[in-house]
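S.K.: data-v2.txt is reproduced in full below (compact mmCIF, C-alpha atoms).
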```txt
# COMPACT_ATOMS: atom_id res chain seq x y z
CA MET U 1 74.34 114.36 100.92
CA ARG U 2 76.87 117.05 99.96
CA THR U 3 80.18 115.74 98.69
CA ARG U 4 83.04 117.00 100.83
CA VAL U 5 86.15 118.46 99.22
CA LYS U 6 89.73 117.98 100.41
CA ILE U 7 92.38 120.09 98.70
CA CYS U 8 95.78 118.45 99.02
CA CYS U 9 99.39 119.59 98.57
CA ILE U 10 98.75 122.91 100.33
CA SER U 11 102.15 124.60 100.44
CA SER U 12 101.58 127.94 102.20
CA VAL U 13 99.27 129.82 104.55
CA GLU U 14 98.09 131.79 101.52
CA GLU U 15 97.07 128.62 99.65
CA ALA U 16 95.28 127.39 102.75
CA ARG U 17 93.30 130.62 102.99
CA LEU U 18 92.46 130.50 99.28
CA ALA U 19 91.18 126.93 99.49
CA ILE U 20 89.12 127.64 102.61
CA SER U 21 87.68 130.84 101.15
CA HIS U 22 86.24 128.83 98.24
CA GLY U 23 84.68 126.16 100.41
CA ALA U 24 87.26 123.43 101.05
CA ASP U 25 86.25 121.11 103.87
CA ALA U 26 89.76 119.79 104.48
CA LEU U 27 93.35 120.61 103.58
CA GLY U 28 96.10 118.08 102.92
CA LEU U 29 99.62 118.87 104.15
CA VAL U 30 102.18 116.47 102.72
CA GLY U 31 105.10 115.30 104.83
CA LYS U 32 108.24 113.59 103.59
CA MET U 33 107.48 111.07 100.82
CA PRO U 34 109.58 108.68 98.72
CA ASN U 35 108.43 110.62 95.65
CA GLY U 36 105.50 112.60 94.30
CA PRO U 37 104.33 116.22 94.49
CA GLY U 38 103.69 118.46 97.43
CA PRO U 39 105.98 117.55 100.37
CA ILE U 40 106.83 120.44 102.66
CA PRO U 41 108.90 120.63 105.87
CA ASP U 42 107.23 119.73 109.14
CA GLU U 43 107.82 123.26 110.41
CA LEU U 44 105.73 124.66 107.56
CA ILE U 45 103.02 122.03 108.07
CA ALA U 46 102.77 123.11 111.72
CA ALA U 47 102.61 126.79 110.76
CA ILE U 48 99.80 126.17 108.26
CA ALA U 49 97.90 123.90 110.64
CA LYS U 50 97.81 126.70 113.22
CA THR U 51 95.73 128.79 110.79
CA VAL U 52 93.12 126.07 110.11
CA PHE U 53 90.12 126.05 112.43
CA PRO U 54 87.02 123.82 112.71
CA PRO U 55 84.98 122.85 110.84
CA VAL U 56 87.85 122.67 108.31
CA ALA U 57 90.08 119.64 108.88
CA SER U 58 93.87 119.67 108.63
CA PHE U 59 95.30 116.39 107.30
CA LEU U 60 98.93 115.37 107.79
CA LEU U 61 99.97 112.96 105.02
CA THR U 62 102.62 110.72 106.53
CA SER U 63 104.57 107.88 104.93
CA GLU U 64 105.62 106.51 108.33
CA GLN U 65 104.69 102.85 108.79
CA SER U 66 104.98 102.39 112.54
CA ALA U 67 102.55 103.62 115.18
CA PRO U 68 105.28 105.31 117.29
CA ALA U 69 106.68 107.16 114.27
CA ILE U 70 103.18 108.28 113.19
CA ILE U 71 102.46 109.53 116.71
CA ASP U 72 105.74 111.47 116.76
CA HIS U 73 105.02 112.95 113.33
CA VAL U 74 101.58 114.20 114.36
CA LYS U 75 102.96 115.65 117.60
CA ARG U 76 105.45 117.70 115.58
CA VAL U 77 102.83 119.32 113.37
CA HIS U 78 99.58 119.38 115.41
CA THR U 79 97.08 118.55 112.68
CA ASN U 80 93.67 117.22 113.71
CA THR U 81 93.74 114.34 111.20
CA VAL U 82 96.42 111.94 110.00
CA GLN U 83 96.33 110.36 106.56
CA ILE U 84 98.46 107.19 106.57
CA VAL U 85 99.51 106.76 102.96
CA ASP U 86 101.22 103.39 103.32
CA GLU U 87 100.50 100.15 105.17
CA LEU U 88 100.81 100.18 108.97
CA LEU U 89 103.49 97.55 109.62
CA GLU U 90 104.48 98.13 113.26
CA GLY U 91 102.11 98.80 116.14
CA THR U 92 98.36 99.31 115.94
CA TYR U 93 95.76 101.93 115.21
CA SER U 94 94.66 101.55 118.85
CA GLN U 95 98.13 102.59 119.91
CA ILE U 96 97.79 105.78 117.87
CA ARG U 97 94.35 106.48 119.36
CA GLY U 98 95.63 105.91 122.87
CA ALA U 99 98.39 108.47 122.42
CA LEU U 100 96.28 110.98 120.44
CA PRO U 101 92.62 110.43 121.43
CA HIS U 102 91.30 113.47 119.58
CA LEU U 103 93.04 112.61 116.30
CA ARG U 104 91.04 111.36 113.32
CA ILE U 105 92.73 108.54 111.39
CA VAL U 106 92.37 108.11 107.63
CA GLN U 107 93.94 105.10 105.95
CA VAL U 108 94.84 105.29 102.27
CA ILE U 109 94.03 102.25 100.15
CA HIS U 110 95.72 102.27 96.74
CA VAL U 111 93.27 100.75 94.29
CA THR U 112 95.26 98.25 92.25
CA GLY U 113 92.68 95.43 92.05
CA MET U 114 90.06 93.59 94.08
CA GLU U 115 92.59 93.08 96.87
CA SER U 116 91.92 96.73 97.66
CA LEU U 117 88.39 95.80 98.73
CA ARG U 118 89.78 93.18 101.10
CA GLN U 119 92.22 95.71 102.54
CA SER U 120 89.40 98.21 103.07
CA LEU U 121 87.21 95.69 104.86
CA LYS U 122 90.15 94.67 107.05
CA VAL U 123 90.86 98.19 108.37
CA GLN U 124 87.38 99.69 108.42
CA HIS U 125 86.80 99.13 112.15
CA ASP U 126 90.14 100.68 113.14
CA VAL U 127 90.00 104.02 111.31
CA ASP U 128 87.65 106.97 110.88
CA ALA U 129 87.72 107.05 107.07
CA ILE U 130 89.34 105.45 104.04
CA LEU U 131 90.86 107.33 101.11
CA LEU U 132 91.10 105.56 97.77
CA ASP U 133 94.08 106.62 95.66
CA SER U 134 96.03 105.53 92.58
CA GLY U 135 99.46 104.79 93.99
CA ASP U 136 101.38 101.53 93.86
CA PRO U 137 103.17 100.90 97.17
CA LYS U 138 104.50 97.54 95.97
CA GLY U 139 105.71 98.70 92.57
CA THR U 140 109.32 98.80 91.39
CA VAL U 141 109.13 102.52 92.11
CA LYS U 142 106.95 103.00 95.18
CA THR U 143 104.24 105.62 94.62
CA LEU U 144 101.99 106.71 97.48
CA GLY U 145 99.70 109.17 95.72
CA GLY U 146 99.96 112.34 93.70
CA THR U 147 100.15 110.39 90.47
CA GLY U 148 97.57 112.43 88.58
CA HIS U 149 96.08 109.16 87.31
CA THR U 150 92.64 107.69 87.86
CA HIS U 151 92.10 104.08 88.87
CA ASN U 152 89.27 101.58 88.40
CA TRP U 153 86.23 103.44 89.73
CA ASP U 154 84.14 100.25 89.57
CA ILE U 155 86.28 98.85 92.37
CA SER U 156 86.06 102.13 94.25
CA ARG U 157 82.27 102.03 93.99
CA GLN U 158 82.25 98.50 95.36
CA ILE U 159 84.36 99.60 98.31
CA VAL U 160 82.01 102.52 99.05
CA LYS U 161 79.06 100.11 99.01
CA GLU U 162 80.64 97.52 101.30
CA VAL U 163 82.52 99.47 103.97
CA ASP U 164 80.71 101.13 106.83
CA LEU U 165 82.54 104.43 107.11
CA PRO U 166 83.25 107.55 105.01
CA VAL U 167 85.30 107.03 101.84
CA PHE U 168 87.23 109.75 100.02
CA LEU U 169 88.06 109.34 96.34
CA ALA U 170 91.40 110.60 95.01
CA GLY U 171 93.54 109.97 91.95
CA GLY U 172 93.50 111.99 88.75
CA LEU U 173 90.49 114.14 89.60
CA HIS U 174 90.04 117.56 88.00
CA PRO U 175 87.18 119.93 87.12
CA GLY U 176 86.44 117.99 83.91
CA ASN U 177 85.89 114.55 85.44
CA VAL U 178 84.82 115.09 89.03
CA VAL U 179 81.09 115.01 88.26
CA GLU U 180 81.43 111.64 86.52
CA ALA U 181 83.53 110.37 89.43
CA ILE U 182 80.98 111.42 92.05
CA LEU U 183 78.03 109.99 90.14
CA LYS U 184 79.81 106.67 89.57
CA VAL U 185 81.52 106.13 92.93
CA GLN U 186 79.24 108.06 95.32
CA PRO U 187 82.09 108.90 97.72
CA PHE U 188 81.74 110.82 100.97
CA GLY U 189 84.38 113.22 99.68
CA VAL U 190 86.82 113.92 96.85
CA ASP U 191 90.49 114.77 97.15
CA LEU U 192 92.92 116.21 94.64
CA CYS U 193 96.28 117.90 94.24
CA SER U 194 97.72 118.23 90.73
CA GLY U 195 94.30 118.74 89.12
CA LEU U 196 94.08 122.23 90.64
CA ARG U 197 97.64 123.39 90.08
CA THR U 198 99.39 125.44 87.43
CA ASN U 199 103.19 125.66 87.52
CA GLY U 200 103.12 124.13 90.98
CA HIS U 201 100.74 126.66 92.51
CA LEU U 202 97.09 126.38 93.50
CA ASP U 203 95.15 127.88 90.59
CA GLU U 204 92.16 129.91 91.72
CA ALA U 205 90.34 129.60 88.38
CA LYS U 206 90.67 125.79 88.45
CA LEU U 207 89.61 125.77 92.10
CA LEU U 208 86.49 127.79 91.33
CA SER U 209 85.63 125.52 88.40
CA PHE U 210 86.10 122.41 90.52
CA MET U 211 83.99 123.67 93.42
CA ALA U 212 81.22 124.71 91.03
CA ALA U 213 81.23 121.26 89.45
CA VAL U 214 81.03 119.48 92.82
CA SER U 215 78.28 121.73 94.12
CA GLY U 216 76.23 121.05 91.00
CA VAL U 217 76.04 117.28 91.51
```
Could you express the structure from this file as structure tokens?

M.R.:
Amino acid sequence: MRTRVKICCISSVEEARLAISHGADALGLVGKMPNGPGPIPDELIAAIAKTVFPPVASFLLTSEQSAPAIIDHVKRVHTNTVQIVDELLEGTYSQIRGALPHLRIVQVIHVTGMESLRQSLKVQHDVDAILLDSGDPKGTVKTLGGTGHTHNWDISRQIVKEVDLPVFLAGGLHPGNVVEAILKVQPFGVDLCSGLRTNGHLDEAKLLSFMAAVSGV
């Protein structure tokens, strides 16, 4: 099955068009975060989302941790998918679905050890997909993605094998390692931000190299 590609940290309509023109299946639009690359104002997320049409998916990355706040965030920007980058602490996924029945929900699991497998199994029946990343939400400095670092792909592979829904792999991917990552983990899709950027901008040459590598697997 073809590996899907999500290009994250899209920062303009022009970047969105560039990513789509080279075959991106989904675009990541980063809302307010405690740290990390790529956050843009909600007004810009909404403007970019208006230009993204099926079958391409528009992902809002939100750091909100309550169902009401996540619902409000999505309503402000009108993406068709929400990527919850931290743990849901207040409310339920069902509450989000009830308010936004056409929204797809992706929960990020930060792979820090085998507890990540337990977290994935716990949420798999409540969400539409899981995204495995290299953040550390419980660290001294909370990181929720965009680290540019890989994690333990053996654990990621185990998660892909045991959960019964699509799994995206993120964290430190770039044109030079994505083939190895796909062959080892066998994810539904891959997701990256910094690995395709030069001086903060989406680099077309890197994008072309990455898409060629993925299509060759």

S.K.: Quick one: axis-aligned box around all listed atoms of range 92-97 of chain U, 6 Å on every side, centre and edge lengths in Å to one decimal, written as JSON.

M.R.:
```
{"center_x": 96.4, "center_y": 102.9, "center_z": 117.6, "size_x": 16.0, "size_y": 19.2, "size_z": 16.7}
```

S.K.: Mind checking which residues fall within 8 Å of range 71-85 of chain U, counting only C-alpha atoms, ignoring those fewer than 4 positions away in the same chain, and posting them as JSON, numbers by chain?

M.R.: {"U": [42, 43, 45, 46, 47, 49, 50, 57, 58, 59, 60, 61, 62, 63, 64, 65, 67, 96, 99, 100, 102, 103, 104, 105, 106, 107, 108, 109, 144, 145]}

S.K.: Using CA of Ala170 in chain U and CA of Gln158 in chain U as the two end points, give the distance in Å to one decimal.

M.R.: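 The value is 15.2 Å.
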
S.K.: Hey, what's within 10 Å of Ala24 in chain U if we count all atoms listed in the file and toss same-chain stuff fewer than 2 positions away? As a ChimeraX atom specification, please?

M.R.: /U:4-7,16-22,26-27,56-57,207,211

S.K.: Given the point (79.7, 106.3, 105.6) in the file's coordinates, find the residues that have an atom at most 9 Å from it, counting only C-alpha atoms, and give them as an MDAnalysis selection string.

M.R.: chainID U and resid 129 160 163:167 187:188

S.K.: Would you write out those residues with C-alpha atoms, as a compact mmCIF listing (two decimals), in the coordinates of the input?

M.R.:
```txt
# COMPACT_ATOMS: atom_id res chain seq x y z
CA ALA U 129 87.72 107.05 107.07
CA VAL U 160 82.01 102.52 99.05
CA VAL U 163 82.52 99.47 103.97
CA ASP U 164 80.71 101.13 106.83
CA LEU U 165 82.54 104.43 107.11
CA PRO U 166 83.25 107.55 105.01
CA VAL U 167 85.30 107.03 101.84
CA PRO U 187 82.09 108.90 97.72
CA PHE U 188 81.74 110.82 100.97
```

S.K.: Neighbours of Glu204 in chain U within 10 Å (all atoms listed in the file; same-chain residues fewer than 4 positions away dropped), as a list in words?

M.R.: Glu15, Leu18, Ala19, His22, Leu196, Arg197, Thr198, Leu208, Ser209 and Phe210 of chain U

S.K.: For Gly216 in chain U, which residue out of U:Lys32, U:His149, U:Arg2, U:Arg157 is the nearest one, using only C-alpha atoms?

M.R.: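 Counting only C-alpha atoms, the residue closest to Gly216 in chain U is U:Arg2.
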
S.K.: Any idea what the distance is between CA of Val13 in chain U and CA of Asp133 in chain U?

M.R.: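 For CA of Val13 in chain U relative to CA of Asp133 in chain U, the distance reads 25.4 Å.
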
S.K.: What is the distance, in Å and to one decimal place, between CA of Pro101 in chain U and CA of Pro34 in chain U?

M.R.: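 Atom-to-atom, CA of Pro101 in chain U and CA of Pro34 in chain U are spaced 28.4 Å apart.
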
S.K.: What would the list of residues within 9 Å of (103.7, 112.4, 89.7) (file frame) look like as a VMD selection string, if all atoms listed in the file are what count?

M.R.: chain U and resid 35 to 37 143 145 to 149 194

S.K.: Any chance you can output those residues with C-alpha atoms as a PDB file, in the frame of the given file?

M.R.:
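Contents of the output file out-v9.pdb:
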```
ATOM      1  CA  ASN U  35     108.430 110.620  95.650  1.00  0.00           C
ATOM      2  CA  GLY U  36     105.500 112.600  94.300  1.00  0.00           C
ATOM      3  CA  PRO U  37     104.330 116.220  94.490  1.00  0.00           C
ATOM      4  CA  THR U 143     104.240 105.620  94.620  1.00  0.00           C
ATOM      5  CA  GLY U 145      99.700 109.170  95.720  1.00  0.00           C
ATOM      6  CA  GLY U 146      99.960 112.340  93.700  1.00  0.00           C
ATOM      7  CA  THR U 147     100.150 110.390  90.470  1.00  0.00           C
ATOM      8  CA  GLY U 148      97.570 112.430  88.580  1.00  0.00           C
ATOM      9  CA  HIS U 149      96.080 109.160  87.310  1.00  0.00           C
ATOM     10  CA  SER U 194      97.720 118.230  90.730  1.00  0.00           C
TER      11      SER U 194
END
```

S.K.: Regenerate range 145-169 of chain U at the level of N, CA and C atoms and dump it as a JSON list (two decimals), in the frame of the given file.

M.R.:
```
[["chain", "number", "residue", "atom", "x", "y", "z"],
["U", 145, "GLY", "N", 100.68, 108.14, 96.03],
["U", 145, "GLY", "CA", 99.70, 109.17, 95.72],
["U", 145, "GLY", "C", 100.32, 110.27, 94.88],
["U", 146, "GLY", "N", 99.48, 111.24, 94.51],
["U", 146, "GLY", "CA", 99.96, 112.34, 93.70],
["U", 146, "GLY", "C", 100.35, 111.95, 92.30],
["U", 147, "THR", "N", 99.78, 110.86, 91.80],
["U", 147, "THR", "CA", 100.15, 110.39, 90.47],
["U", 147, "THR", "C", 99.48, 111.16, 89.35],
["U", 148, "GLY", "N", 98.34, 111.78, 89.63],
["U", 148, "GLY", "CA", 97.57, 112.43, 88.58],
["U", 148, "GLY", "C", 96.80, 111.47, 87.71],
["U", 149, "HIS", "N", 96.75, 110.18, 88.11],
["U", 149, "HIS", "CA", 96.08, 109.16, 87.31],
["U", 149, "HIS", "C", 94.85, 108.64, 88.05],
["U", 150, "THR", "N", 93.81, 108.35, 87.28],
["U", 150, "THR", "CA", 92.64, 107.69, 87.86],
["U", 150, "THR", "C", 92.91, 106.20, 88.01],
["U", 151, "HIS", "N", 92.02, 105.53, 88.74],
["U", 151, "HIS", "CA", 92.10, 104.08, 88.87],
["U", 151, "HIS", "C", 90.73, 103.51, 88.48],
["U", 152, "ASN", "N", 90.52, 102.24, 88.78],
["U", 152, "ASN", "CA", 89.27, 101.58, 88.40],
["U", 152, "ASN", "C", 88.15, 102.02, 89.34],
["U", 153, "TRP", "N", 87.29, 102.91, 88.87],
["U", 153, "TRP", "CA", 86.23, 103.44, 89.73],
["U", 153, "TRP", "C", 85.16, 102.38, 90.03],
["U", 154, "ASP", "N", 85.08, 101.34, 89.24],
["U", 154, "ASP", "CA", 84.14, 100.25, 89.57],
["U", 154, "ASP", "C", 84.52, 99.60, 90.90],
["U", 155, "ILE", "N", 85.83, 99.40, 91.10],
["U", 155, "ILE", "CA", 86.28, 98.85, 92.37],
["U", 155, "ILE", "C", 86.04, 99.84, 93.50],
["U", 156, "SER", "N", 86.30, 101.11, 93.23],
["U", 156, "SER", "CA", 86.06, 102.13, 94.25],
["U", 156, "SER", "C", 84.59, 102.16, 94.66],
["U", 157, "ARG", "N", 83.71, 102.05, 93.69],
["U", 157, "ARG", "CA", 82.27, 102.03, 93.99],
["U", 157, "ARG", "C", 81.92, 100.83, 94.86],
["U", 158, "GLN", "N", 82.52, 99.69, 94.57],
["U", 158, "GLN", "CA", 82.25, 98.50, 95.36],
["U", 158, "GLN", "C", 82.72, 98.69, 96.81],
["U", 159, "ILE", "N", 83.86, 99.33, 96.97],
["U", 159, "ILE", "CA", 84.36, 99.60, 98.31],
["U", 159, "ILE", "C", 83.41, 100.53, 99.06],
["U", 160, "VAL", "N", 82.96, 101.59, 98.41],
["U", 160, "VAL", "CA", 82.01, 102.52, 99.05],
["U", 160, "VAL", "C", 80.76, 101.78, 99.50],
["U", 161, "LYS", "N", 80.29, 100.86, 98.68],
["U", 161, "LYS", "CA", 79.06, 100.11, 99.01],
["U", 161, "LYS", "C", 79.25, 99.17, 100.19],
["U", 162, "GLU", "N", 80.46, 98.59, 100.33],
["U", 162, "GLU", "CA", 80.64, 97.52, 101.30],
["U", 162, "GLU", "C", 81.23, 97.95, 102.64],
["U", 163, "VAL", "N", 81.96, 99.05, 102.68],
["U", 163, "VAL", "CA", 82.52, 99.47, 103.97],
["U", 163, "VAL", "C", 81.53, 100.38, 104.69],
["U", 164, "ASP", "N", 81.67, 100.41, 106.00],
["U", 164, "ASP", "CA", 80.71, 101.13, 106.83],
["U", 164, "ASP", "C", 81.35, 102.35, 107.47],
["U", 165, "LEU", "N", 81.95, 103.18, 106.63],
["U", 165, "LEU", "CA", 82.54, 104.43, 107.11],
["U", 165, "LEU", "C", 82.78, 105.35, 105.91],
["U", 166, "PRO", "N", 83.07, 106.63, 106.14],
["U", 166, "PRO", "CA", 83.25, 107.55, 105.01],
["U", 166, "PRO", "C", 84.43, 107.15, 104.13],
["U", 167, "VAL", "N", 84.25, 107.34, 102.82],
["U", 167, "VAL", "CA", 85.30, 107.03, 101.84],
["U", 167, "VAL", "C", 85.55, 108.26, 100.98],
["U", 168, "PHE", "N", 86.80, 108.69, 100.92],
["U", 168, "PHE", "CA", 87.23, 109.75, 100.02],
["U", 168, "PHE", "C", 87.78, 109.12, 98.74],
["U", 169, "LEU", "N", 87.53, 109.78, 97.62],
["U", 169, "LEU", "CA", 88.06, 109.34, 96.34],
["U", 169, "LEU", "C", 89.13, 110.31, 95.87]]
```
